[in-house]
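Report on one structure; see the data block that follows.
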Amino acid sequence: MKINPILAFSARRRMRAPRTALLLSLYGLAVLGFGLATGYASFLGKTLSLYDMAQGRGGYASMMIFQFVMLLLVTPALTAGCISGERERQTLELLLVTNTGSLRIVLGKLAESLGLMLLLIAATLPAMCLVLLTGGITLLQVLVGLLFLGVTAFALLSVGILCSALLRRTVAATVVAYLTVFAIGLVTLIPLIGDAQRMQQLYDAAPYYSSAYVPGAAAPEAGRPVLLLGFILNPALGLLSLLAWQTGEMSSLLSGYYGYSFYGAFNQIDFRAMAWYSMAFMAAAGLALDLLAARFVRPRRGGARQRGSKRA
């Protein structure tokens, strides 16, 4: 299988740079330090109580949130200059006249940045595995959490590379990429209005959690899949769904947004399904953005002919 030439050249240049190894080390240490400061500070003492052991899941959740925020702050800029930078250096036309098509250019640039982000996420695996000392989270769940971060990085990189393909200047592409990520976060919160109504209907239909419940009556089945669009479209709510499934401690936080009256209805949400749906949506959306970016990499023929006629 022939390796993408764009990926081979960019990855070789980046991986040989000393700053890449330094970046991996510093990022892993930063996540470890944040985890020790938030959930594992008691491990530095001489004794441990049962309460301290229970704080391990909180440390795991804090490290996941910390990495998610870092992805939002760093990832879009990695690909925002991939295509626009080639245009500024006037090397994009040289790439297009070779056998390397526009789609291979986009995938090569994307894969190189995604590889770096996956290495950063993998570097935090030892720190994330601290939760295995306290229990409550399995190694498989830790790996699923890192997978969620990887899919999030892929979606954010796809936003950046689309902005880079659409705009000619790297600065403008970077600014638009961050504004787009911010707008996506706000727009995908709109379905929460419908989610709140759905939650109210669930609560009204669950007599086990209402004041009219008769003792001894059968409780409704909990954990049944409920399609809540806001938890699927919004990456932040997808992360909260993942943590609610894995730690069991985020339900109260989510119910606090809607109100205490919805606490019973939240217990009927299948947060595990919500997390997987969110990852599937981000992966599909990222792929669609990459295909769209490849469409805008190659200059329009009409514009090129018009410029040629003016020169003549």
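FYI, nothing fancy with the structure tokens labels: chains A, B, ... in order, residues from 1 per chain, ligands from 1 as they appear.
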Where does segment 48-100 of chain A meet segment 32-36 of chain A within 10 Å, residue by residue, with the nearest atom pair and distance in Å to one decimal for each, counting only C-alpha atoms, listed by chain and rising number, as a tab-separated table?
residue	atom	partner	partner_atom	distance
A:Gly56	CA	A:Gly35	CA	9.1
A:Gly58	CA	A:Gly35	CA	8.9
A:Gly59	CA	A:Gly35	CA	5.3
A:Tyr60	CA	A:Gly35	CA	7.0
A:Ala61	CA	A:Gly35	CA	8.9
A:Ser62	CA	A:Gly35	CA	6.7
A:Met63	CA	A:Gly35	CA	5.6
A:Met64	CA	A:Gly35	CA	9.3
A:Phe66	CA	A:Phe34	CA	7.9
Which residue of A:Leu237, A:Ala280, A:Val144, A:Leu157 approaches Leu186 of chain A most closely, using only C-alpha atoms: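 Checking each of A:Leu237, A:Ala280, A:Val144, A:Leu157 against Leu186 of chain A, counting only C-alpha atoms, the winner is A:Leu237.
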message: Rounded to one decimal, what separation in Å do you get between atom CA of Ser278 of chain A and atom CA of Gly238 of chain A?
response: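 That distance, rounded to one decimal, is 5.5 Å.
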- request: Extract, using only C-alpha atoms, all DNA, RNA and protein residues at most 8 Å from Val297 of chain A, discarding same-chain residues fewer than 6 positions from it, and format them as an MDAnalysis selection string.
  value: chainID A and resid 83 102 165:166
Requested write-out: C-alpha atoms of the selected residues, as an mmCIF file, in the first residue's frame:
data_model
loop_
_atom_site.group_PDB
_atom_site.id
_atom_site.type_symbol
_atom_site.label_atom_id
_atom_site.label_comp_id
_atom_site.auth_asym_id
_atom_site.auth_seq_id
_atom_site.Cartn_x
_atom_site.Cartn_y
_atom_site.Cartn_z
ATOM 1 C CA ILE A 83 -4.156 24.768 2.628
ATOM 2 C CA SER A 102 -7.040 17.484 -3.956
ATOM 3 C CA ALA A 165 -9.550 25.458 2.005
ATOM 4 C CA LEU A 166 -12.128 28.218 1.791
#
